[in-house]
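Participant: Shown below is the structure under consideration.
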Amino acid sequence: MPDGTGSATSGVRAGWLTVFVDLAPDEHAAGAVFWAALTGAALSASRGAHDEFATLLPASGAAYLRVQRLGAGPSGVHLDLHVPDLDDATALATGAGASVVARPGHVVLRSPGGFPFCLVGLQADDDAASRTPPVRLADGHRSIADQLTIDVTPDRWDDEVAFWPRLTGWPAAPASRPGMVRLHTPSSLPVRVLLQRKDEGPTSGHVDVATDDRPAEVARLVALGAGVAALGPAWTVLDPPAGPSLCVTDRDPATGLVPR
């Protein structure tokens, strides 16, 4: 099995990425308000057959975060990859080990380790989309929700580390800390992708917020109703008032990179 750390294939040629915060029915209203406040974005009008989708509209740059009300819980996150050819991308994904869950126009899949993701058609304006800049807060610090971390148990680690570079075409390399592998996401895309080993399953994911002042950003999000769940050397895990956990991380909000 390839280790996923060398050169990758051409992959599905994703032209844009969208991260969905998937909210259980009883968490949807509060969760949508929290994520709009976290990002400084406006919440679009609801859409979908059951008014289940809304987009977080940034003040500048193209939208890349959405919230979804699930039919049933639990809350979580998933990734949409915008691709030029759904049939080709689906064949590549299943050949790499993904399984198709549904195809209601777009394609709903799960990775070999069970992480949910979708393939959607590339939109006409995706090629011209520009990344959203960090939000500068009143006290001067900056933050941006810019990274999706896929949390993987040891028994599925090798499968996931091999799968994501093959799917995306982006090479992977060990990150700054043990048990983490970073995909070399193109700088034109709005979201970075990190794989992180965790002790217990199932495979899941969370959003990381980059900031140049972690204590200030944590205090801001706590004031919005989040609670501190864990404190690490370069990150703080928060439980929002509703919805999935997230991490505030010591990374440059402009580049997404860990300061040297």
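Residues are referred to by chain and number: the chain letter is A, B, ... according to the order shown in the structure tokens, the number counts from 1 in that chain, and ligands are numbered separately from 1 in the order shown.
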What are the nearest atom pairs, with distances in Å to one decimal, for all residues of segment 92-189 of chain A that come at most 10 Å from segment 23-40 of chain A, using only C-alpha atoms, set out by chain and rising residue number as a Markdown table?

Facilitator:
| residue | atom | partner | partner_atom | distance |
| --- | --- | --- | --- | --- |
| A:Pro134 | CA | A:Thr39 | CA | 8.8 |
| A:Val135 | CA | A:Gly40 | CA | 7.0 |
| A:Arg136 | CA | A:Gly40 | CA | 9.5 |
| A:Leu137 | CA | A:Gly40 | CA | 9.3 |
| A:Ser143 | CA | A:Thr39 | CA | 8.1 |
| A:Ile144 | CA | A:Thr39 | CA | 6.6 |
| A:Ala145 | CA | A:Thr39 | CA | 6.8 |

Participant: What's the 10 Å shell around segment 102-109 of chain A, counting only C-alpha atoms, without same-chain residues fewer than 5 positions away, as a ChimeraX atom specification?

Facilitator: /A:80,82,86-87,89-90,93-94,114-121

Participant: With distances taken over only C-alpha atoms, which of A:Gly11, A:Ala230, A:Thr236, A:Asp151 is nearest to Gly169 of chain A?

Facilitator: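 Of A:Gly11, A:Ala230, A:Thr236, A:Asp151, the one nearest Gly169 of chain A is A:Gly11, counting only C-alpha atoms.
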
Participant: Write out as a PyMOL selection string the set of residues from segment 76-171 of chain A that DSSP, computed on the backbone, places in strand (DSSP E or B).

Facilitator: chain A and resi 76-83+99-102+107-110+116-121+135-136+142-152

Participant: Report the distance between atom CA of Gly73 of chain A and atom CA of Gly243 of chain A in Å, rounded to one decimal place.

Facilitator: 9.7 Å

Participant: Would you pick out the contacts of His78 of chain A at 10 Å or less, using only C-alpha atoms, so that residues sharing its chain but fewer than 4 positions from it are not included, and give the list as a PyMOL selection string?

Facilitator: chain A and resi 18-22+110+115-118+148+150+204-207

Participant: Would you kindly return, as a PyMOL selection string, each protein, DNA or RNA residue with an atom no farther than 12 Å from any atom of Asp146 of chain A, considering only C-alpha atoms and excluding same-chain residues fewer than 6 positions away?

Facilitator: chain A and resi 17-19+38-39+63-65+131-135+185+187+189-194+206-211+246-249+251-257

Participant: In Å to one decimal, how far is atom CA of Pro186 of chain A from atom CA of Glu160 of chain A?

Facilitator: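 Atom CA of Pro186 of chain A lies at a distance of 19.5 Å from atom CA of Glu160 of chain A.
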
Participant: Do you know which residues are at most 7 Å from Arg13 of chain A counting only C-alpha atoms, after dropping those on the same chain fewer than 2 positions away, and could you put them as JSON, numbers by chain?

Facilitator: {"A": [10, 11, 15, 83, 168]}

Participant: Using only C-alpha atoms, which of A:Gly227, A:Gly113, A:Pro84, A:Pro241 sits nearest Ala98 of chain A?

Facilitator: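 For Ala98 of chain A, the nearest of the candidates is A:Gly113.
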
Participant: I need the residue nearest Thr153 of chain A from this list: A:Pro202, A:Ala45, A:Leu195, A:Leu167. Use only C-alpha atoms for the distance.

Facilitator: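 Between A:Pro202, A:Ala45, A:Leu195, A:Leu167, the residue approaching Thr153 of chain A most closely is A:Pro202.
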